[in-house]
2 protein chains.
Amino acid sequence: MRAKVVTIGDEILIGQIIDTNSVFITKQLIKIGIEVKKIVSIGDTKQEIFNMLKDSCNVFDLVILTGGLGPTNDDITKEAFCNFFEDKLVHNKDVLNHIENLFKKFSDNPINELNRAQALLPSRATLIPNTFGTAAGMSIQKGSTLYISLPGVPFEMKPMMENFIIPDLKKKFKCPFIVNRTLLTYGKGESYIAKKLVSFESELPSNFKLAYLPNYGRVRLRLSAKGENKNRLESEMDHLISKLYSLIGNIIVGYDNVNPIEFEISKKLIEIGKSLSTAESLTGGLLSSRLTLLAGASKFFKGSIVAYDTEIKKQTLGINEKIINDHSVVSKEVANEMALKVRNMLDTDFSISTTGNAGPSKGDSDAEIGNIFISIASENGVKSFEFNFGNNREKNINKTVNKALELFFHELNNNY
Amino acid sequence: MRAKVVTIGDEILIGQIIDTNSVFITKQLIKIGIEVKKIVSIGDTKQEIFNMLKDSCNVFDLVILTGGLGPTNDDITKEAFCNFFEDKLVHNKDVLNHIENLFKKFSDNPINELNRAQALLPSRATLIPNTFGTAAGMSIQKGSTLYISLPGVPFEMKPMMENFIIPDLKKKFKCPFIVNRTLLTYGKGESYIAKKLVSFESELPSNFKLAYLPNYGRVRLRLSAKGENKNRLESEMDHLISKLYSLIGNIIVGYDNVNPIEFEISKKLIEIGKSLSTAESLTGGLLSSRLTLLAGASKFFKGSIVAYDTEIKKQTLGINEKIINDHSVVSKEVANEMALKVRNMLDTDFSISTTGNAGPSKGDSDAEIGNIFISIASENGVKSFEFNFGNNREKNINKTVNKALELFFHELNNNY
């Protein structure tokens with residue numbers, strides 16, 4: 001089973017946007033045992049799309065394309081399909097009804113003929129409904145290749161993959177099981193690790209593969225495997241992972257997470273029935289927004305005080321002026337007070353606070369740029385953590401949010 | 001001039017990492033007039049790399065590859081090069097010296113033979129030095145195609161592009177000038193805009209191209225052009241941009257990339273010396289985080305109350321229980337109260353509030369999923385706006401933030 005993922009759009013070829021669609025699609029496919037052998041980005045020209053369709057025919061079993069299905073002149077995927085499949089566009093009544101309904105319900109603008117033209121599909125295409133938008137998806141078989149075309153807008157494409165395509169592919173193709181596990185190691189380089197794993201690698205079963213992914217002093221080790229029997233595969237994998245632990249267990253931190261950490265936090269908090277609040281300074285609401293982006297956040301998250309200004313820290317959070325004057329707003333003491341006060345004020349079981357100097361210039365504090373404090377308060381009191389992440393503002397804010405989530409996750413896991 | 005960018009590594013094909021290397025490379029190339037026609041990701045197998053090298057030969061003028069140059073067994077780009085170019089690996093003394101120096105200076109671990117083997121290069125390859133790492137780059141010409149291989153680690157690859165490859169390509173190839181400009185529009189869909197631009201598009205010079213990039217209620221319009229004479233190209237571009245302003249100037253906010261709308265808001269608020277706070281429900285802190293991501297936010301932004309839970313709306317923001325009971329938490333009345341209360345509480349000139357039902361299920365209100373209220377309070381009182389953005393949670397949250405920023409920007413521009 002060879003699959004190819006294609007994203008269409010000049011915006012990718014000039015580096016204007018980062019292609020995250022193919023990341024989502026490959027992740028979905030691998031879950032059902034379909035291996036992506038190639039990811040390709042091409043421009044919005046009929047010739048490039050046509051060539052790609054032709055070159056893939058009978059070479060790949062599955063080609064999933066995104067993009068080029070909008071209502072404007074630069075959207076030409078359907079035309080290229082008609083050329084390649086020697087087909088013509090016909091009106092699809094269901095799609096037209098759906099588009100008209102969307103406009104009636106959600107748009108300030110009247111529907112026009114460009115929107116109506118989105119109901120045109122190649123006559124031989126099978127419709128893939130787009131619940132959240134006007135650009136219908138479609139699939140056509142040619143030779144041994146199944147072509148699937150989806151809109152490029154991520155929030156439209158993603159549910160189409162999950163609700164229609166994945167269940168359908170699961171029925172259509174008998175695929176092997178694919179298992180990937182990634183261990184995170186800390187403190188040694190890849191050549192050091194490789195030396196320790198010489199015999200481990202030479203003894204690896206042929207359906208297993210080991211990869212080294214170095215990144216700023218951390219090396220992730222990914223072990224991947226393919227097989228027909230899921231249970232046997234999993235138990236072989238378990239065996240090999242424990243072998244890795246016996247060889248380099250001293251530098252292994254644990255598994256690299258599959259689910260985002262806020263998902264794990266959410267699951268755990270709902271499970272133990274506890275609530276959370278945040279008090280944010282340098283992260284400016286990003287921490288709470290990450291926690292509330294997930295469905296079901298209202299089951300554990302009560303709210304946040306974004307005390308960006310020092311006055312708000314005093315007046316709204318009620319932090320004693322003396323503490324701020326004695327230690328500065330960027331200090332362990334203020335971070336602790338922020339966590340304690342917000343936990344009390346919003347009446348939650350846990351709270352997380354952040355304060356720091358994100359840069360590029362110093363604020364209401366003499367703290368070094370990049371100097372950051374995170375505190376976590378619970379029924380057991382308050383703990384604080386200090387970091388310096390360097391002098392890039394965006395990196396400081398984002399790294400603080402990631403670090404805060406990571407610290408809180410460990411706190412939860414160790415004590416609850 | 002046809003260029004192709006190739007990233008090598010199974011981690012991309014299983015969606016474990018997002019390929020940002022190709023984004024950086026394409027941006028660098030376009031600056032010197034080299035158009036990337038294809039971006040490809042393939043796995044760590046000799047056959048896939050060999051096939052890619054072969055398929056590109058005499059089809060592309062330039063192929064830039066990243067990845068597969070590390071010291072471990074899964075790094076096989078050099079072997080694939082030797083197969084394809086019918087060459088063999090020889091020791092490069094300069095590279096060996098450099099590797100030994102790096103280990104002496106920066107590593108806790110002793111150098112081993114895997115590191116030393118990184119000094120092996122195909123005999124016909126031209127060395128591209130890697131100042132920050134042990135994996136040397138290389139280039140080889142075959143037929144009309146120049147192949148360049150670089151390490152996959154971004155902080156190693158980027159300076160190699162900037163310091164060696166770009167200056168070299170500039171000398172080697174005579175390329176046209178490429179100009180891209182992207183306008184950001186607010187509040188109208190792409191089909192609405194396309195209708196307004198029918199004759200504009202049909203009269204576009206053949207070396208110009210217009211693209212529509214929709215994203216959560218914003219449409220970016222990108223005009224790109226290619227030509228020999230830079231000055232003429234720029235002046236044609238200026239002329240076309242002013243034509244766009246005359247046609248749809250009412251919805252154009254300004255150039256994209258350069259200034260997001262929160263930057264314009266920040267500039268204006270600092271200029272008129274006024275302050276802002278927010279009270280957020282469904283947006284969960286995302287609105288304030290967008291406003292504080294920019295440097296200098298502390299000059300106008302005081303803070304936010306993220307009142308996610310209804311109790312917090314009552315107790316922290318002090319919204320009268322009767323208003324909530326009479327109108328529900330998702331209502332114009334509650335949005336207005338949230339804006340008025342937070343403006344007062346945090347003592348700011350302006351405030352923005354959001355409340356709504358993001359979905360996927362109904363919360364503390366009977367409001368329809370997607371039903372959203374945004375209010376803006378100022379010295380002149382409070383204004384509210386109602387929307388329904390549909391039933392996708394991620395879309396509802398992001399669109400509400402964009403809409404709130406857009407409404408506030410208009411409010412500022414019209415009255416101050």
# chains A, B, ... in the order shown; residues from 1 in each chain; ligands from 1

call {"tool": "interface_residues", "arguments": {"of": "chain A", "to": "chain B", "cutoff": "7 Å", "atoms": "only C-alpha atoms", "output": "VMD selection string"}}
result
chain A and resid 13 to 15 18 20 23 to 24 26 to 27 30 36 to 43 71 to 72 74 106 114 to 115 155 191 194 211 283 to 286 288 to 289 292 to 293 295 298 302 to 309 312 346 360 394

call {"tool": "write_last_selection", "arguments": {"atoms": "N, CA and C atoms", "output": "compact mmCIF listing (two decimals), in the first residue's frame"}}
result
# COMPACT_ATOMS: atom_id res chain seq x y z
N LEU A 13 4.64 27.17 -2.08
CA LEU A 13 5.88 27.21 -2.86
C LEU A 13 6.66 28.51 -2.67
N ILE A 14 6.01 29.55 -2.19
CA ILE A 14 6.77 30.78 -1.91
C ILE A 14 7.02 30.93 -0.42
N GLY A 15 6.68 29.89 0.36
CA GLY A 15 6.98 29.95 1.80
C GLY A 15 6.05 30.85 2.58
N ILE A 18 2.91 27.47 6.07
CA ILE A 18 3.52 26.18 6.36
C ILE A 18 2.47 25.11 6.12
N THR A 20 0.56 22.33 7.03
CA THR A 20 0.26 21.46 8.16
C THR A 20 -0.80 20.42 7.78
N VAL A 23 0.64 16.99 7.41
CA VAL A 23 0.97 16.41 8.71
C VAL A 23 -0.25 15.70 9.29
N PHE A 24 -1.38 16.41 9.26
CA PHE A 24 -2.62 15.83 9.77
C PHE A 24 -3.00 14.56 9.00
N THR A 26 -1.17 12.50 7.08
CA THR A 26 -0.28 11.35 7.26
C THR A 26 -0.51 10.70 8.62
N LYS A 27 -0.75 11.52 9.64
CA LYS A 27 -1.01 10.97 10.98
C LYS A 27 -2.27 10.10 10.98
N ILE A 30 -1.57 6.74 8.96
CA ILE A 30 -0.69 5.77 9.62
C ILE A 30 -1.45 5.00 10.70
N VAL A 36 2.49 6.60 4.06
CA VAL A 36 2.69 7.65 3.07
C VAL A 36 4.15 7.59 2.62
N LYS A 37 4.34 7.44 1.30
CA LYS A 37 5.69 7.31 0.76
C LYS A 37 6.21 8.64 0.25
N LYS A 38 5.31 9.58 0.01
CA LYS A 38 5.73 10.84 -0.58
C LYS A 38 4.73 11.94 -0.21
N ILE A 39 5.26 13.11 0.14
CA ILE A 39 4.42 14.30 0.32
C ILE A 39 4.92 15.31 -0.68
N VAL A 40 4.00 15.90 -1.43
CA VAL A 40 4.40 16.82 -2.50
C VAL A 40 3.59 18.10 -2.41
N SER A 41 4.23 19.24 -2.64
CA SER A 41 3.51 20.51 -2.79
C SER A 41 3.77 21.04 -4.19
N ILE A 42 2.68 21.40 -4.87
CA ILE A 42 2.82 21.97 -6.21
C ILE A 42 1.98 23.22 -6.32
N GLY A 43 2.18 23.98 -7.40
CA GLY A 43 1.50 25.27 -7.58
C GLY A 43 0.12 25.15 -8.19
N PRO A 71 -13.95 29.04 -4.76
CA PRO A 71 -14.80 29.58 -5.82
C PRO A 71 -14.09 30.52 -6.79
N THR A 72 -12.80 30.79 -6.59
CA THR A 72 -12.16 31.83 -7.40
C THR A 72 -11.30 31.26 -8.52
N ASP A 74 -8.23 31.15 -9.17
CA ASP A 74 -6.99 30.43 -8.90
C ASP A 74 -7.26 29.01 -8.38
N PHE A 106 -25.37 31.52 7.70
CA PHE A 106 -24.15 32.08 8.30
C PHE A 106 -23.56 33.30 7.59
N LEU A 114 -20.59 32.39 -8.32
CA LEU A 114 -19.33 31.71 -8.03
C LEU A 114 -19.53 30.66 -6.94
N ASN A 115 -20.37 31.01 -5.95
CA ASN A 115 -20.66 30.03 -4.90
C ASN A 115 -21.45 28.87 -5.47
N PHE A 155 -9.93 23.44 8.91
CA PHE A 155 -11.08 23.04 9.73
C PHE A 155 -12.20 22.42 8.89
N SER A 191 25.62 10.27 17.91
CA SER A 191 26.70 9.32 17.64
C SER A 191 27.05 8.52 18.90
N ALA A 194 24.32 5.95 19.15
CA ALA A 194 24.46 4.93 18.10
C ALA A 194 25.54 3.91 18.47
N ALA A 211 15.14 5.14 14.12
CA ALA A 211 15.55 6.45 13.59
C ALA A 211 16.00 7.35 14.73
N THR A 283 2.61 35.62 29.53
CA THR A 283 1.93 34.77 28.54
C THR A 283 0.60 35.37 28.07
N GLY A 284 0.15 36.42 28.73
CA GLY A 284 -0.94 37.25 28.21
C GLY A 284 -2.24 36.56 27.83
N GLY A 285 -2.53 35.39 28.39
CA GLY A 285 -3.78 34.70 28.05
C GLY A 285 -3.55 33.48 27.17
N LEU A 286 -2.32 33.30 26.70
CA LEU A 286 -2.04 32.18 25.81
C LEU A 286 -2.17 30.84 26.55
N SER A 288 -4.22 30.14 29.11
CA SER A 288 -5.63 29.77 29.27
C SER A 288 -6.26 29.45 27.92
N SER A 289 -5.83 30.14 26.86
CA SER A 289 -6.43 29.85 25.55
C SER A 289 -6.06 28.45 25.08
N THR A 292 -8.36 26.08 26.87
CA THR A 292 -9.79 26.17 26.54
C THR A 292 -10.09 25.88 25.08
N LEU A 293 -9.06 25.64 24.28
CA LEU A 293 -9.29 25.33 22.87
C LEU A 293 -9.94 23.95 22.72
N ALA A 295 -12.48 20.89 23.37
CA ALA A 295 -13.87 20.70 23.78
C ALA A 295 -13.91 20.14 25.19
N SER A 298 -14.84 23.51 29.82
CA SER A 298 -15.65 24.10 30.90
C SER A 298 -15.84 23.10 32.05
N LYS A 302 -11.95 27.20 35.08
CA LYS A 302 -12.88 28.24 35.52
C LYS A 302 -12.58 29.61 34.93
N GLY A 303 -11.30 29.96 34.82
CA GLY A 303 -10.99 31.27 34.27
C GLY A 303 -9.56 31.67 34.54
N SER A 304 -9.21 32.85 34.05
CA SER A 304 -7.85 33.35 34.21
C SER A 304 -7.86 34.85 34.48
N ILE A 305 -6.93 35.28 35.30
CA ILE A 305 -6.71 36.72 35.42
C ILE A 305 -5.43 37.03 34.66
N VAL A 306 -5.58 37.75 33.54
CA VAL A 306 -4.39 38.18 32.81
C VAL A 306 -3.98 39.53 33.40
N ALA A 307 -3.03 39.48 34.32
CA ALA A 307 -2.59 40.70 35.00
C ALA A 307 -1.32 41.19 34.32
N TYR A 308 -1.53 41.82 33.16
CA TYR A 308 -0.39 42.21 32.33
C TYR A 308 0.32 43.40 32.95
N ASP A 309 -0.47 44.33 33.42
CA ASP A 309 0.05 45.56 34.00
C ASP A 309 0.30 45.34 35.50
N ILE A 312 -2.63 45.97 37.79
CA ILE A 312 -3.66 44.92 37.83
C ILE A 312 -3.23 43.80 38.79
N LEU A 346 -10.71 32.58 42.29
CA LEU A 346 -11.60 31.85 41.38
C LEU A 346 -12.02 30.50 41.97
N PRO A 360 11.23 42.45 23.73
CA PRO A 360 12.65 42.67 23.48
C PRO A 360 13.31 43.70 24.42
N GLU A 394 8.73 35.93 21.06
CA GLU A 394 7.75 34.90 20.69
C GLU A 394 8.14 33.55 21.30

call {"tool": "calpha_fit_rmsd", "arguments": {"fixed": "chain A", "moving": "chain B"}}
result
5.2 Å

call {"tool": "atom_distance", "arguments": {"atom1": "CA of Met138 in chain A", "atom2": "CA of Leu150 in chain A"}}
result
6.9 Å

call {"tool": "select_by_dssp", "arguments": {"residues": "range 55-228 of chain B", "states": "strand (DSSP E)", "output": "PyMOL selection string"}}
result
chain B and resi 62-66+89-91+120-122+126-128+137-142+145-150+177-186+208-215+218-227

call {"tool": "residues_around", "arguments": {"residues": "Leu69 in chain B", "least_positions_apart": "6", "cutoff": "7 Å", "atoms": "only C-alpha atoms", "output": "ChimeraX atom specification"}}
result
/B:75-78,135,151

call {"tool": "residues_around", "arguments": {"residues": "Lys93 in chain A", "least_positions_apart": "2", "cutoff": "12 Å", "atoms": "only C-alpha atoms", "output": "ChimeraX atom specification"}}
result
/A:90-91,95-100,116-121,127,136

call {"tool": "atom_distance", "arguments": {"atom1": "CA of Asp55 in chain B", "atom2": "CA of Asn207 in chain A"}}
result
27.8 Å

call {"tool": "select_by_dssp", "arguments": {"residues": "range 190-410 of chain B", "states": "alpha helix (DSSP H)", "output": "ChimeraX atom specification"}}
result
/B:190-196,198-202,230-248,261-272,286-292,310-315,321-327,332-345,393-410
